[in-house]
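Okay, start.tsv is below, TSV, C-alpha atoms:
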chain	number	residue	atom	x	y	z
A	1	MET	CA	130.40	125.68	120.48
A	2	ASP	CA	132.88	124.55	117.82
A	3	ASN	CA	134.72	126.90	115.43
A	4	GLU	CA	132.57	126.01	112.39
A	5	ILE	CA	129.39	127.15	114.14
A	6	GLN	CA	131.04	130.27	115.59
A	7	GLU	CA	132.20	131.23	112.10
A	8	LEU	CA	128.74	130.55	110.71
A	9	LEU	CA	127.08	132.73	113.31
A	10	MET	CA	129.21	135.70	112.21
A	11	VAL	CA	127.11	135.74	109.05
A	12	GLU	CA	123.80	137.38	109.83
A	13	PRO	CA	120.82	135.49	108.44
A	14	PRO	CA	118.10	137.34	106.54
A	15	ARG	CA	115.13	138.63	108.51
A	16	GLY	CA	111.52	138.52	107.41
A	17	MET	CA	109.28	136.21	105.39
A	18	TYR	CA	109.98	135.83	101.68
A	19	SER	CA	108.14	134.26	98.77
A	20	SER	CA	109.73	131.90	96.29
A	21	ARG	CA	108.67	129.11	93.98
A	22	LEU	CA	109.98	125.69	93.09
A	23	ASP	CA	110.34	125.45	89.32
A	24	ASP	CA	109.55	122.38	87.21
A	25	LYS	CA	113.05	121.02	87.89
A	26	GLY	CA	112.68	121.32	91.67
A	27	ARG	CA	114.83	124.40	92.19
A	28	ALA	CA	113.81	127.27	94.46
A	29	LYS	CA	115.01	130.72	93.44
A	30	MET	CA	116.40	132.41	96.54
A	31	PRO	CA	115.56	136.06	97.23
A	32	VAL	CA	118.60	138.36	97.04
A	33	THR	CA	119.04	138.55	100.83
A	34	PHE	CA	119.22	134.74	101.02
A	35	GLN	CA	121.66	134.64	98.10
A	36	GLN	CA	123.89	137.09	99.97
A	37	PHE	CA	123.65	135.01	103.15
A	38	PHE	CA	124.60	131.75	101.40
A	39	ALA	CA	127.36	133.45	99.38
A	40	ALA	CA	128.91	134.80	102.60
A	41	LEU	CA	129.22	131.33	104.16
A	42	ARG	CA	132.72	129.86	104.14
A	43	GLU	CA	131.40	126.46	103.03
A	44	LYS	CA	129.00	126.55	100.09
A	45	LYS	CA	127.57	123.05	100.55
A	46	LEU	CA	124.04	122.87	101.98
A	47	PHE	CA	121.80	120.09	103.25
A	48	VAL	CA	118.16	120.34	102.10
A	49	THR	CA	115.75	118.10	104.01
A	50	SER	CA	112.75	117.84	106.33
A	51	LEU	CA	112.85	116.63	109.92
A	52	ASP	CA	109.07	116.37	110.41
A	53	ARG	CA	107.96	115.55	106.84
A	54	ARG	CA	105.94	118.82	106.76
A	55	VAL	CA	108.47	121.69	106.67
A	56	ALA	CA	111.61	121.73	104.53
A	57	GLN	CA	114.86	123.09	105.90
A	58	ILE	CA	117.96	124.37	104.15
A	59	TYR	CA	120.93	123.91	106.45
A	60	PRO	CA	124.40	125.33	105.99
A	61	MET	CA	126.58	122.22	106.21
A	62	ALA	CA	128.29	123.42	109.42
A	63	VAL	CA	124.90	123.57	111.16
A	64	TRP	CA	123.87	120.18	109.77
A	65	ARG	CA	127.08	118.60	111.10
A	66	GLN	CA	126.16	119.96	114.53
A	67	ASN	CA	122.77	118.18	114.19
A	68	GLU	CA	124.48	114.92	113.21
A	69	ARG	CA	126.60	115.10	116.37
A	70	PHE	CA	123.44	115.83	118.36
A	71	PHE	CA	121.71	112.71	116.94
A	72	ASP	CA	124.79	110.60	117.74
A	73	ASN	CA	124.95	111.81	121.34
A	74	TYR	CA	121.27	112.14	122.29
A	75	ARG	CA	120.60	109.54	124.99
A	76	ASP	CA	117.26	110.63	126.52
A	77	ASP	CA	115.25	108.82	123.83
A	78	PRO	CA	117.46	107.17	121.18
A	79	ARG	CA	114.40	106.05	119.20
A	80	LEU	CA	113.34	109.68	118.82
A	81	ALA	CA	116.76	110.74	117.51
A	82	ARG	CA	116.88	107.72	115.18
A	83	ASN	CA	113.43	108.54	113.72
A	84	VAL	CA	114.20	112.22	113.11
A	85	ALA	CA	117.60	111.34	111.62
A	86	PHE	CA	115.85	108.79	109.39
A	87	ASN	CA	113.38	111.41	108.12
A	88	ALA	CA	116.27	113.78	107.39
A	89	ALA	CA	118.21	111.12	105.49
A	90	ASP	CA	115.16	109.80	103.65
A	91	LEU	CA	114.14	113.20	102.29
A	92	GLY	CA	117.48	115.01	102.32
A	93	ALA	CA	120.21	115.69	99.80
A	94	GLU	CA	123.30	117.84	99.63
A	95	ALA	CA	123.02	120.87	97.37
A	96	GLU	CA	124.74	124.12	96.48
A	97	MET	CA	123.22	127.37	95.35
A	98	ASP	CA	123.81	127.73	91.59
A	99	ALA	CA	125.00	130.88	89.79
A	100	GLN	CA	121.37	132.01	89.33
A	101	GLY	CA	120.67	131.78	93.07
A	102	ARG	CA	118.65	128.53	92.93
A	103	ILE	CA	118.78	125.57	95.30
A	104	LEU	CA	117.67	122.09	94.23
A	105	PHE	CA	115.21	120.10	96.36
A	106	SER	CA	115.18	116.30	95.99
A	107	PRO	CA	112.20	114.74	94.18
A	108	GLU	CA	111.31	112.77	97.34
A	109	LEU	CA	111.23	115.94	99.43
A	110	ARG	CA	109.14	117.84	96.88
A	111	ARG	CA	106.58	115.04	96.61
A	112	GLU	CA	106.35	114.42	100.37
A	113	LEU	CA	105.76	118.13	101.13
A	114	GLY	CA	103.54	118.82	98.10
A	115	ILE	CA	105.76	121.64	96.84
A	116	GLU	CA	106.51	120.45	93.30
A	117	ASN	CA	106.30	123.40	90.91
A	118	ALA	CA	104.60	125.40	93.67
A	119	PRO	CA	105.01	128.63	95.64
A	120	VAL	CA	106.74	128.46	99.02
A	121	ARG	CA	107.55	130.84	101.90
A	122	LEU	CA	111.07	131.18	103.30
A	123	PHE	CA	112.36	132.50	106.60
A	124	ALA	CA	115.50	132.09	108.69
A	125	TYR	CA	115.13	130.29	112.00
A	126	ARG	CA	117.80	128.91	114.38
A	127	GLY	CA	120.61	128.74	111.85
A	128	ARG	CA	118.57	127.23	109.03
A	129	ILE	CA	116.10	128.38	106.38
A	130	GLU	CA	112.56	127.08	106.86
A	131	VAL	CA	110.57	126.39	103.68
A	132	LEU	CA	106.79	126.26	104.04
A	133	SER	CA	104.19	125.23	101.50
A	134	GLU	CA	101.50	127.86	100.95
A	135	LYS	CA	98.98	125.73	102.87
A	136	LEU	CA	101.27	125.32	105.88
A	137	TYR	CA	102.13	129.03	105.74
A	138	GLU	CA	98.41	129.94	105.87
A	139	ASP	CA	97.83	127.47	108.75
A	140	ARG	CA	100.72	128.95	110.76
A	141	LYS	CA	99.60	132.49	109.99
A	142	ARG	CA	96.11	131.74	111.33
A	143	GLU	CA	97.57	130.09	114.44
A	144	ALA	CA	99.99	132.98	115.14
A	145	SER	CA	97.27	135.59	114.57
A	146	ALA	CA	94.71	133.95	116.83
A	147	THR	CA	96.50	134.84	120.07
A	148	ALA	CA	98.88	137.60	118.88
A	149	PRO	CA	97.88	140.33	121.40
A	150	GLU	CA	98.14	137.96	124.38
A	151	ASP	CA	101.39	136.45	123.10
A	152	VAL	CA	103.01	139.88	122.67
A	153	ALA	CA	101.83	141.06	126.11
A	154	LYS	CA	103.27	137.94	127.78
A	155	LEU	CA	106.62	138.29	126.01
A	156	GLU	CA	106.82	142.02	126.78
A	157	ALA	CA	106.24	141.20	130.46
A	158	ALA	CA	109.17	138.77	130.17
A	159	GLY	CA	111.45	141.45	128.68
A	160	LEU	CA	110.71	141.74	124.96
A	161	VAL	CA	111.34	145.32	123.84
I'd like the structure from this file rewritten - as structure tokens, please.
Amino acid sequence: MDNEIQELLMVEPPRGMYSSRLDDKGRAKMPVTFQQFFAALREKKLFVTSLDRRVAQIYPMAVWRQNERFFDNYRDDPRLARNVAFNAADLGAEAEMDAQGRILFSPELRRELGIENAPVRLFAYRGRIEVLSEKLYEDRKREASATAPEDVAKLEAAGLV
């Protein structure tokens, strides 16, 4: 693991699911815990994109650089890496959190994900912030709830405390 990522991981990401909203200019107001997380990062530049054209991600630039290296070096299925990298480039843009704690999403990303001037849900996952539309949030909530008791039992048997 390179020094940029090690330094990034010293900053604890927020925990939990948070509500936000994209305003009419395409900016999402970050909850205070997310503002504190982004403010604590050494590098303030972010990459806002979607890999699957369904869920938006906000990447600290150090994490995004790690993904770029991954795409460059992935040899199992180069077409797969090329397609995901294309989606990220097509919908992505660099951004920084402004003084009011807002992050701008590109017009292409907002339109593709149907989140223009709309509520969204935010949560930290694997070094990035996931941004879900309300519809996708509800779909995932239903899916996670459907097998929750069995899922918890299986993970507890594997060592979850």
- Message: What does the structure give for the distance between atom CA of Thr49 of chain A and atom CA of Leu91 of chain A, in Å to one decimal?
- Response: 5.4 Å
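Proximity of A:Glu96, A:Asp23, A:Asp72, A:Asp77 to Gln35 of chain A, computed with all atoms listed in the file, is greatest for A:Glu96.
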- Excluding same-chain residues fewer than 5 positions from Tyr18 of chain A, what lies within 12 Å of it counting only C-alpha atoms, as number ranges by chain? A: 28-34, 119-124, 129-132, 134, 137
- Message: Using only C-alpha atoms, which protein or nucleic acid residues come within 10 Å of Lys135 of chain A? Drop anything in the same chain fewer than 4 positions from it, and give the result as a ChimeraX atom specification.
- Response: /A:114-115,119-120,139-141
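Omitting Phe71 of chain A and its sequence neighbours fewer than 4 positions away, and counting only C-alpha atoms, the residues within 8 Å are Asn67, Ala81, Arg82 and Ala85 of chain A.
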- Item | Computed interatomic separation between atom CA of Val11 of chain A and atom CA of Gly101 of chain A (Å) | 17.7 Å
Please supply segment 122-157 of chain A, rebuilt with N, CA and C atoms, as a compact mmCIF listing (two decimals), in the frame of the given file.
# COMPACT_ATOMS: atom_id res chain seq x y z
N LEU A 122 109.75 131.40 102.70
CA LEU A 122 111.07 131.18 103.30
C LEU A 122 111.30 132.13 104.46
N PHE A 123 111.90 131.62 105.53
CA PHE A 123 112.36 132.50 106.60
C PHE A 123 113.48 131.81 107.37
N ALA A 124 114.38 132.62 107.91
CA ALA A 124 115.50 132.09 108.69
C ALA A 124 115.05 131.81 110.11
N TYR A 125 115.50 130.67 110.63
CA TYR A 125 115.13 130.29 112.00
C TYR A 125 116.20 129.36 112.56
N ARG A 126 116.84 129.75 113.65
CA ARG A 126 117.80 128.91 114.38
C ARG A 126 118.90 128.33 113.50
N GLY A 127 119.47 129.16 112.65
CA GLY A 127 120.61 128.74 111.85
C GLY A 127 120.27 128.03 110.57
N ARG A 128 119.00 127.91 110.26
CA ARG A 128 118.57 127.23 109.03
C ARG A 128 117.53 128.10 108.33
N ILE A 129 117.18 127.73 107.11
CA ILE A 129 116.10 128.38 106.38
C ILE A 129 114.93 127.42 106.37
N GLU A 130 113.79 127.87 106.88
CA GLU A 130 112.56 127.08 106.86
C GLU A 130 111.83 127.34 105.55
N VAL A 131 111.28 126.29 104.95
CA VAL A 131 110.57 126.39 103.68
C VAL A 131 109.18 125.81 103.89
N LEU A 132 108.17 126.67 103.80
CA LEU A 132 106.79 126.26 104.04
C LEU A 132 105.99 126.24 102.75
N SER A 133 105.16 125.22 102.59
CA SER A 133 104.19 125.23 101.50
C SER A 133 103.21 126.36 101.77
N GLU A 134 102.49 126.79 100.76
CA GLU A 134 101.50 127.86 100.95
C GLU A 134 100.44 127.45 101.96
N LYS A 135 100.00 126.19 101.93
CA LYS A 135 98.98 125.73 102.87
C LYS A 135 99.49 125.79 104.31
N LEU A 136 100.71 125.29 104.53
CA LEU A 136 101.27 125.32 105.88
C LEU A 136 101.52 126.76 106.33
N TYR A 137 101.95 127.61 105.42
CA TYR A 137 102.13 129.03 105.74
C TYR A 137 100.81 129.63 106.23
N GLU A 138 99.73 129.40 105.49
CA GLU A 138 98.41 129.94 105.87
C GLU A 138 97.96 129.38 107.22
N ASP A 139 98.19 128.08 107.46
CA ASP A 139 97.83 127.47 108.75
C ASP A 139 98.59 128.14 109.89
N ARG A 140 99.90 128.32 109.71
CA ARG A 140 100.72 128.95 110.76
C ARG A 140 100.33 130.41 110.97
N LYS A 141 100.00 131.09 109.90
CA LYS A 141 99.60 132.49 109.99
C LYS A 141 98.33 132.62 110.82
N ARG A 142 97.36 131.74 110.55
CA ARG A 142 96.11 131.74 111.33
C ARG A 142 96.40 131.46 112.81
N GLU A 143 97.23 130.46 113.07
CA GLU A 143 97.57 130.09 114.44
C GLU A 143 98.27 131.24 115.17
N ALA A 144 99.24 131.89 114.51
CA ALA A 144 99.99 132.98 115.14
C ALA A 144 99.11 134.21 115.34
N SER A 145 98.16 134.43 114.46
CA SER A 145 97.27 135.59 114.57
C SER A 145 96.22 135.44 115.65
N ALA A 146 95.82 134.21 115.91
CA ALA A 146 94.71 133.95 116.83
C ALA A 146 94.97 134.50 118.24
N THR A 147 96.20 134.42 118.70
CA THR A 147 96.50 134.84 120.07
C THR A 147 97.59 135.92 120.09
N ALA A 148 97.77 136.63 119.00
CA ALA A 148 98.88 137.60 118.88
C ALA A 148 98.91 138.63 120.02
N PRO A 149 97.80 139.32 120.33
CA PRO A 149 97.88 140.33 121.40
C PRO A 149 98.32 139.74 122.75
N GLU A 150 97.76 138.59 123.11
CA GLU A 150 98.14 137.96 124.38
C GLU A 150 99.58 137.49 124.35
N ASP A 151 100.02 136.94 123.22
CA ASP A 151 101.39 136.45 123.10
C ASP A 151 102.39 137.60 123.26
N VAL A 152 102.12 138.73 122.59
CA VAL A 152 103.01 139.88 122.67
C VAL A 152 103.05 140.42 124.11
N ALA A 153 101.89 140.54 124.74
CA ALA A 153 101.83 141.06 126.11
C ALA A 153 102.65 140.18 127.06
N LYS A 154 102.53 138.86 126.91
CA LYS A 154 103.27 137.94 127.78
C LYS A 154 104.78 138.07 127.56
N LEU A 155 105.18 138.16 126.30
CA LEU A 155 106.62 138.29 126.01
C LEU A 155 107.17 139.65 126.44
N GLU A 156 106.37 140.69 126.30
CA GLU A 156 106.82 142.02 126.78
C GLU A 156 106.99 141.99 128.29
N ALA A 157 106.10 141.31 129.00
CA ALA A 157 106.24 141.20 130.46
C ALA A 157 107.50 140.43 130.83
